[in-house]
Amino acid sequence: MENKIKGLLLEHSENLFGTQINENIIQFQLTRKDVEGDFTLVVFPFSKLMKCAPTDAANKIGAFLQNQIEEIEKFEAINGFLNLSLKDSFWFETLKSIRQTPNYGYAPENSKPTIMVEYSSPNTNKPLHLGHLRNNFLGYSVAEILKANGHKVIKTQVINDRGIHICKSMLAWEKFSPINDKGERETPSNTGLKGDKLVGKYYVEFDKHFNAEAKSIIEQWNSKNFDGFPKQIIEEFLKFESAKIGKDEKAIQAIEDKIKELAKNQTSLLKEAKEMLIKWEARDPQIYLLWTTMNNWVYEGFESTYKKMGVDFDNLYYESETFLLGKDIVLKGLKDGIFYKKDDGSVWIDLTADGLDEKLVLRSDGTAVYMTQDIGTAIDRFNDYPDLNGMVYTVGNEQDYHFKVLFLILKKLGYKWADNCFHLSYGMVDLPSGKMKSREGTVVDADDLIDEVIEKAAEMTNERGHLEGMSEDAKNELFYQIGLGGLKYYLLKVDPKKRMMFNPEESVDLTGNTGPFIQYAFARINSLIKKANGFSRNFSGNYSISNEEKEIIKILQNFPSVINEAASSYSPALIANYAYELVKSYNHFYQSVKILTEENEDIKNTRLALSEQVANTIHLCLKPLGIESPEKM
RNA sequence: GGUCCCGUAGCUCAGCUGGAUAGAGCAACUGCCUUCUAAGCAGUAGGUCUUUGGUUCGAAUCCAAACGGGAUCACCA
């Protein structure tokens, strides 16, 4: 309809305004609720052209449009706003056409280019926590949203399975794990611990001993005992010590941190870990076996958590296989003059002309850094998938700068697809008590949280749900769907780029703007349709439409553009908020009109059809959010 | 210090490609289940949209500055 009007105005532009008008001054909006009308044309821009008062201009355009378009019932000009009312039949026809479109709002499958979405990308030393949940739900959801928009999507994650930190937990396990009477160290099977939790435990264990050792080294230095330390280190320590004199508290703290760093580097534990890394890189069979064993424990643990979260991946990239990539690209870029070499042999790129800094891409010893690896991996992926068109990296906003640099480098290297790379940056999740800090034990574990949320859902559903005739399995499935649905909705309804507050109590809420609220509306419609026991989908809509019905149709009509917008801005929050708006409006309708008890068959059928369409749309909203739509709850 | 992100009701968030009197939820208070699922609905109360300037017929929305919060600026990943 809006396009129709646009076309007419453009076509008769000379006549109406005495000049050809620019398309983008034609602006529509929904009519304010307290004013009569369905949608509104903003006429301020025209009144200038027409050289008359806004109201006169509105009246003139209104008369013209009513004359031209049959569906316009009437119009009213208020100030610079032309409020147009459409005939009831228009709305019924709109509903019919929406109903006739399968998956209304979605684009045809695989009609758009392939996009890879990377998310999760955990470190194998740390069990998944609340921050990962936001990451995973976001990444999964954006992937599904892109699918709904017709893109072919490859979901992937990078597994950070190598490096010094991995050696730390391996070493700690070897050194500190108790040995049972069968002569075994702790394993997932003999402790009953989840693999990722067990490995995480030893990573923490390493840190404890490591810090203790560093502390005792500092104490030794403070008592002027420097036995067994290289001269260079001692000199550095003394330099720091003398620098402390006369400084304020903050500066002293900074210096002490540096001293701590220095001491840490002297610990036997770190030295051993480094040796282990060297052995690993040389593929020492014993170390490799340990590494594979412990990593497999972690993968099993992660696998079960992912399953609970309801996320999946099409392909995995292991850093142990990709960490050497990128070096030859850098060397080639060096030859082409994109990078330059410093005297010490390190390779850099100068991005100061683009408002960024200089960035290291290869160490002086020729080894790769994070950036090198990321350059290589990106290129590698485009080789793996020849039809790949773009990539989305779901990574926290602390890496905004890194990705800015990465994409710029790729562009400078001449990869055209660099423009189609997007950093899906999201803010940190805070707790009411403040930031999550592993050191202070305030990290919210993903498994624990999910269990908690399901338990709470079970409790509430047992209290008020409609569970009669459900098997235990079906009930448990329902509790899971509600609990997890609530959690996902809670994390996804907020604009991704914003830092958000996670309130554990609110996250299990069932009332208000929550996942269960949306799910409940779906279940309720489902029960309605079931009770209707078959109804004629061929309604004529030959009655005076109510405002409630019209409102819902307007919202339904808007669904395709919401799906579209959610993809182009990579924001599941838009869909969550849309679903909420739709449900609120439907609930209002549900409580104010009769549906099953309506005597007029045609009205009843129309309202059932409308309800059914709302349920369909709710489902189409929840699906890309990764939230289930239970039929009964 | 440079760069980037954020600042809307007591709390958590929508609204931001400029448009009419700024919206929800939670918390507080009042009503509505012998009628389709009350996890619902209707209502009351709650605002200097951080501040100050600018652009405009019109600014929560755009621009600039200030203030406040956060991130980042490693031969870490």
# chains A, B, ... in the order shown; residues from 1 in each chain; ligands from 1
$ interface_residues --of "chain B" --to "chain A" --cutoff "8 Å" --atoms "only C-alpha atoms (C1' of nucleotides)" --output "CSV table (one decimal) with C-alpha atoms (C1' of nucleotides), in the first residue's frame"
chain,number,residue,atom,x,y,z
B,3,U,C1',40.9,5.5,19.6
B,4,C,C1',36.1,2.9,20.1
B,5,C,C1',31.4,1.8,22.8
B,6,C,C1',27.7,3.2,26.3
B,12,U,C1',16.4,-3.9,33.8
B,13,C,C1',15.7,-2.5,28.9
B,14,A,C1',12.8,-0.7,24.0
B,19,G,C1',8.0,13.8,13.2
B,20,A,C1',2.3,14.4,16.8
B,24,A,C1',7.5,-1.8,28.2
B,25,G,C1',8.7,-5.2,32.1
B,26,C,C1',10.2,-5.6,37.3
B,36,C,C1',-11.6,-20.1,24.8
B,37,U,C1',-4.7,-21.9,29.5
B,39,A,C1',2.7,-17.7,32.9
B,40,G,C1',-2.9,-13.4,31.2
B,41,C,C1',-5.7,-8.5,30.9
B,57,C,C1',9.4,24.0,10.6
B,71,A,C1',36.9,-1.4,26.6
B,72,U,C1',41.4,-1.1,24.0
B,75,C,C1',57.3,-9.7,20.1
B,77,A,C1',45.7,-15.1,23.1
$ select_by_dssp --residues "stretch 414-517 of chain A" --states "helix (DSSP H, G or I)" --output "ChimeraX atom specification"
/A:416-420,446-464,472-492,504-507,515-517
$ write_last_selection --atoms "C-alpha atoms" --output "PDB file, in the first residue's frame"
ATOM      1  CA  LYS A 416      37.675  -8.336  -1.783  1.00  0.00           C
ATOM      2  CA  TRP A 417      35.640 -10.385   0.670  1.00  0.00           C
ATOM      3  CA  ALA A 418      37.226  -8.455   3.509  1.00  0.00           C
ATOM      4  CA  ASP A 419      34.333  -6.019   3.131  1.00  0.00           C
ATOM      5  CA  ASN A 420      31.928  -8.851   3.916  1.00  0.00           C
ATOM      6  CA  ALA A 446      27.114 -22.437  32.257  1.00  0.00           C
ATOM      7  CA  ASP A 447      26.120 -25.956  33.318  1.00  0.00           C
ATOM      8  CA  ASP A 448      25.091 -24.841  36.786  1.00  0.00           C
ATOM      9  CA  LEU A 449      23.072 -21.951  35.450  1.00  0.00           C
ATOM     10  CA  ILE A 450      21.236 -24.093  32.920  1.00  0.00           C
ATOM     11  CA  ASP A 451      20.403 -26.678  35.567  1.00  0.00           C
ATOM     12  CA  GLU A 452      19.165 -23.978  37.878  1.00  0.00           C
ATOM     13  CA  VAL A 453      16.991 -22.399  35.263  1.00  0.00           C
ATOM     14  CA  ILE A 454      15.402 -25.732  34.358  1.00  0.00           C
ATOM     15  CA  GLU A 455      14.801 -26.558  37.975  1.00  0.00           C
ATOM     16  CA  LYS A 456      13.091 -23.251  38.509  1.00  0.00           C
ATOM     17  CA  ALA A 457      10.971 -23.763  35.401  1.00  0.00           C
ATOM     18  CA  ALA A 458       9.953 -27.196  36.673  1.00  0.00           C
ATOM     19  CA  GLU A 459       8.944 -25.777  40.002  1.00  0.00           C
ATOM     20  CA  MET A 460       6.822 -23.031  38.486  1.00  0.00           C
ATOM     21  CA  THR A 461       5.296 -25.253  35.838  1.00  0.00           C
ATOM     22  CA  ASN A 462       4.278 -27.861  38.356  1.00  0.00           C
ATOM     23  CA  GLU A 463       2.567 -25.095  40.208  1.00  0.00           C
ATOM     24  CA  ARG A 464       0.605 -23.513  37.405  1.00  0.00           C
ATOM     25  CA  GLU A 472       7.434 -37.809  32.827  1.00  0.00           C
ATOM     26  CA  ASP A 473       9.657 -37.504  29.781  1.00  0.00           C
ATOM     27  CA  ALA A 474       7.350 -35.016  28.153  1.00  0.00           C
ATOM     28  CA  LYS A 475       7.242 -33.015  31.353  1.00  0.00           C
ATOM     29  CA  ASN A 476      11.007 -32.925  31.648  1.00  0.00           C
ATOM     30  CA  GLU A 477      11.269 -31.879  28.048  1.00  0.00           C
ATOM     31  CA  LEU A 478       8.809 -29.076  28.748  1.00  0.00           C
ATOM     32  CA  PHE A 479      10.710 -27.861  31.814  1.00  0.00           C
ATOM     33  CA  TYR A 480      13.834 -27.788  29.721  1.00  0.00           C
ATOM     34  CA  GLN A 481      12.147 -25.862  26.933  1.00  0.00           C
ATOM     35  CA  ILE A 482      10.737 -23.281  29.297  1.00  0.00           C
ATOM     36  CA  GLY A 483      13.845 -22.887  31.411  1.00  0.00           C
ATOM     37  CA  LEU A 484      16.205 -22.578  28.524  1.00  0.00           C
ATOM     38  CA  GLY A 485      13.779 -20.500  26.500  1.00  0.00           C
ATOM     39  CA  GLY A 486      13.643 -18.026  29.343  1.00  0.00           C
ATOM     40  CA  LEU A 487      17.400 -17.875  29.647  1.00  0.00           C
ATOM     41  CA  LYS A 488      17.940 -17.406  25.926  1.00  0.00           C
ATOM     42  CA  TYR A 489      15.290 -14.757  25.664  1.00  0.00           C
ATOM     43  CA  TYR A 490      16.746 -12.945  28.643  1.00  0.00           C
ATOM     44  CA  LEU A 491      20.198 -12.804  27.058  1.00  0.00           C
ATOM     45  CA  LEU A 492      19.021 -12.089  23.527  1.00  0.00           C
ATOM     46  CA  PRO A 504      19.716 -14.337  38.300  1.00  0.00           C
ATOM     47  CA  GLU A 505      16.269 -13.769  39.726  1.00  0.00           C
ATOM     48  CA  GLU A 506      14.974 -11.943  36.691  1.00  0.00           C
ATOM     49  CA  SER A 507      16.407 -14.530  34.343  1.00  0.00           C
ATOM     50  CA  GLY A 515      10.601 -16.083  27.036  1.00  0.00           C
ATOM     51  CA  PRO A 516       7.877 -18.041  28.842  1.00  0.00           C
ATOM     52  CA  PHE A 517       5.468 -15.155  28.304  1.00  0.00           C
TER      53      PHE A 517
END
$ select_by_dssp --residues "stretch 258-337 of chain A" --states "strand (DSSP E or B)" --output "PDB file with C-alpha atoms, in the first residue's frame"
ATOM      1  CA  ASN A 315      32.615 -27.478  11.161  1.00  0.00           C
ATOM      2  CA  LEU A 316      35.381 -27.044  13.714  1.00  0.00           C
ATOM      3  CA  TYR A 317      38.757 -25.408  13.369  1.00  0.00           C
ATOM      4  CA  TYR A 318      41.476 -26.422  15.798  1.00  0.00           C
TER       5      TYR A 318
END
$ residues_around --residues "stretch 130-146 of chain A" --least-positions-apart "4" --cutoff "8 Å" --atoms "only C-alpha atoms (C1' of nucleotides)" --output "MDAnalysis selection string"
chainID A and resid 117:120 122 150:155 309 311:312 394:396 426 428:429 443:446 449 488 491:492 496 563 566:567 570:572 623:626
$ write_last_selection --atoms "N, CA and C atoms" --output "short mmCIF file (atom, residue, chain, number, x, y, z; two decimals), in the first residue's frame"
data_model
loop_
_atom_site.label_atom_id
_atom_site.label_comp_id
_atom_site.auth_asym_id
_atom_site.auth_seq_id
_atom_site.Cartn_x
_atom_site.Cartn_y
_atom_site.Cartn_z
N VAL A 117 29.49 -18.29 10.09
CA VAL A 117 29.32 -17.63 11.39
C VAL A 117 30.16 -18.38 12.41
N GLU A 118 31.11 -17.68 12.97
CA GLU A 118 31.94 -18.27 14.00
C GLU A 118 31.47 -17.81 15.37
N TYR A 119 31.29 -18.75 16.27
CA TYR A 119 30.95 -18.36 17.64
C TYR A 119 31.48 -19.39 18.62
N SER A 120 31.34 -19.08 19.88
CA SER A 120 31.78 -19.91 20.99
C SER A 120 33.30 -19.84 21.18
N PRO A 122 35.92 -21.50 22.48
CA PRO A 122 36.37 -21.53 23.87
C PRO A 122 37.84 -21.86 24.00
N GLY A 150 17.49 -16.41 3.90
CA GLY A 150 17.84 -17.07 2.66
C GLY A 150 19.31 -17.35 2.45
N HIS A 151 20.13 -16.99 3.42
CA HIS A 151 21.56 -17.27 3.26
C HIS A 151 21.85 -18.73 3.57
N LYS A 152 22.84 -19.25 2.89
CA LYS A 152 23.38 -20.53 3.29
C LYS A 152 24.39 -20.20 4.38
N VAL A 153 24.35 -20.95 5.48
CA VAL A 153 25.19 -20.59 6.61
C VAL A 153 26.04 -21.77 7.06
N ILE A 154 27.29 -21.49 7.36
CA ILE A 154 28.16 -22.51 7.94
C ILE A 154 28.51 -22.05 9.34
N LYS A 155 28.09 -22.83 10.34
CA LYS A 155 28.39 -22.49 11.72
C LYS A 155 29.71 -23.14 12.11
N MET A 309 22.65 -26.46 25.64
CA MET A 309 22.38 -25.11 25.18
C MET A 309 21.55 -25.11 23.91
N VAL A 311 22.89 -25.60 20.85
CA VAL A 311 23.63 -25.01 19.73
C VAL A 311 24.44 -26.10 19.03
N ASP A 312 24.77 -25.85 17.79
CA ASP A 312 25.55 -26.85 17.06
C ASP A 312 26.48 -26.17 16.05
N THR A 394 31.73 -13.90 16.06
CA THR A 394 31.06 -13.54 17.31
C THR A 394 32.08 -13.53 18.43
N VAL A 395 32.57 -12.36 18.74
CA VAL A 395 33.64 -12.22 19.73
C VAL A 395 33.37 -10.97 20.55
N GLY A 396 33.69 -11.01 21.81
CA GLY A 396 33.43 -9.90 22.73
C GLY A 396 34.04 -8.58 22.28
N TYR A 426 29.93 -8.02 21.11
CA TYR A 426 28.90 -7.92 22.15
C TYR A 426 29.53 -7.51 23.47
N MET A 428 29.99 -7.09 27.67
CA MET A 428 30.19 -8.00 28.77
C MET A 428 28.89 -8.21 29.54
N VAL A 429 28.79 -9.36 30.20
CA VAL A 429 27.63 -9.61 31.05
C VAL A 429 28.05 -9.35 32.50
N VAL A 443 32.44 -16.25 38.87
CA VAL A 443 32.05 -16.67 37.54
C VAL A 443 30.81 -17.58 37.64
N VAL A 444 29.85 -17.31 36.77
CA VAL A 444 28.64 -18.14 36.75
C VAL A 444 28.85 -19.26 35.74
N ASP A 445 28.91 -20.48 36.21
CA ASP A 445 29.16 -21.62 35.34
C ASP A 445 27.94 -21.94 34.48
N ALA A 446 28.20 -22.21 33.20
CA ALA A 446 27.11 -22.44 32.26
C ALA A 446 26.25 -23.64 32.64
N LEU A 449 24.14 -22.91 35.73
CA LEU A 449 23.07 -21.95 35.45
C LEU A 449 21.93 -22.62 34.69
N LYS A 488 17.53 -17.92 27.24
CA LYS A 488 17.94 -17.41 25.93
C LYS A 488 17.29 -16.06 25.65
N LEU A 491 18.89 -13.26 27.55
CA LEU A 491 20.20 -12.80 27.06
C LEU A 491 20.12 -12.19 25.67
N LEU A 492 19.08 -12.56 24.92
CA LEU A 492 19.02 -12.09 23.53
C LEU A 492 18.19 -10.83 23.34
N PRO A 496 22.90 -6.52 21.31
CA PRO A 496 24.16 -7.24 21.54
C PRO A 496 25.31 -6.33 21.94
N ILE A 563 12.48 -9.34 10.15
CA ILE A 563 13.42 -10.43 9.89
C ILE A 563 14.61 -9.91 9.07
N ALA A 566 16.77 -7.60 11.20
CA ALA A 566 17.54 -8.36 12.19
C ALA A 566 18.80 -8.93 11.56
N ALA A 567 18.70 -9.33 10.28
CA ALA A 567 19.86 -9.88 9.60
C ALA A 567 20.85 -8.78 9.24
N TYR A 570 22.40 -7.73 12.36
CA TYR A 570 22.88 -8.84 13.19
C TYR A 570 22.33 -8.75 14.61
N SER A 571 21.04 -8.54 14.70
CA SER A 571 20.50 -8.33 16.04
C SER A 571 19.27 -9.17 16.35
N PRO A 572 19.45 -10.27 17.09
CA PRO A 572 18.32 -11.07 17.53
C PRO A 572 17.36 -10.26 18.40
N LYS A 623 12.07 -19.55 16.64
CA LYS A 623 13.00 -20.50 16.03
C LYS A 623 14.39 -19.90 15.81
N PRO A 624 14.50 -18.76 15.16
CA PRO A 624 15.85 -18.22 14.99
C PRO A 624 16.47 -17.72 16.29
N LEU A 625 15.69 -17.63 17.35
CA LEU A 625 16.30 -17.28 18.64
C LEU A 625 16.77 -18.55 19.35
N GLY A 626 16.48 -19.69 18.74
CA GLY A 626 16.87 -20.95 19.36
C GLY A 626 15.95 -21.35 20.49
#
$ residues_around --residues "B:A60" --least-positions-apart "5" --cutoff "10 Å" --atoms "only C-alpha atoms (C1' of nucleotides)" --output "list in words"
U8, G15, C16, A22 and C49 of chain B
$ residues_around --residues "stretch 535-543 of chain A" --least-positions-apart "5" --cutoff "9 Å" --atoms "only C-alpha atoms (C1' of nucleotides)" --output "PyMOL selection string"
chain A and resi 88-89+91-93+96+529+601-606+608-609
$ residues_around --residues "A:Ser216" --least-positions-apart "6" --cutoff "12 Å" --atoms "only C-alpha atoms (C1' of nucleotides)" --output "NGL selection string"
:A and (209-210 or 222-223 or 225 or 260 or 263-264 or 266-268)
$ residues_around --residues "stretch 15-25 of chain A" --least-positions-apart "3" --cutoff "7 Å" --atoms "only C-alpha atoms (C1' of nucleotides)" --output "PyMOL selection string"
chain A and resi 10+12+45+49-50
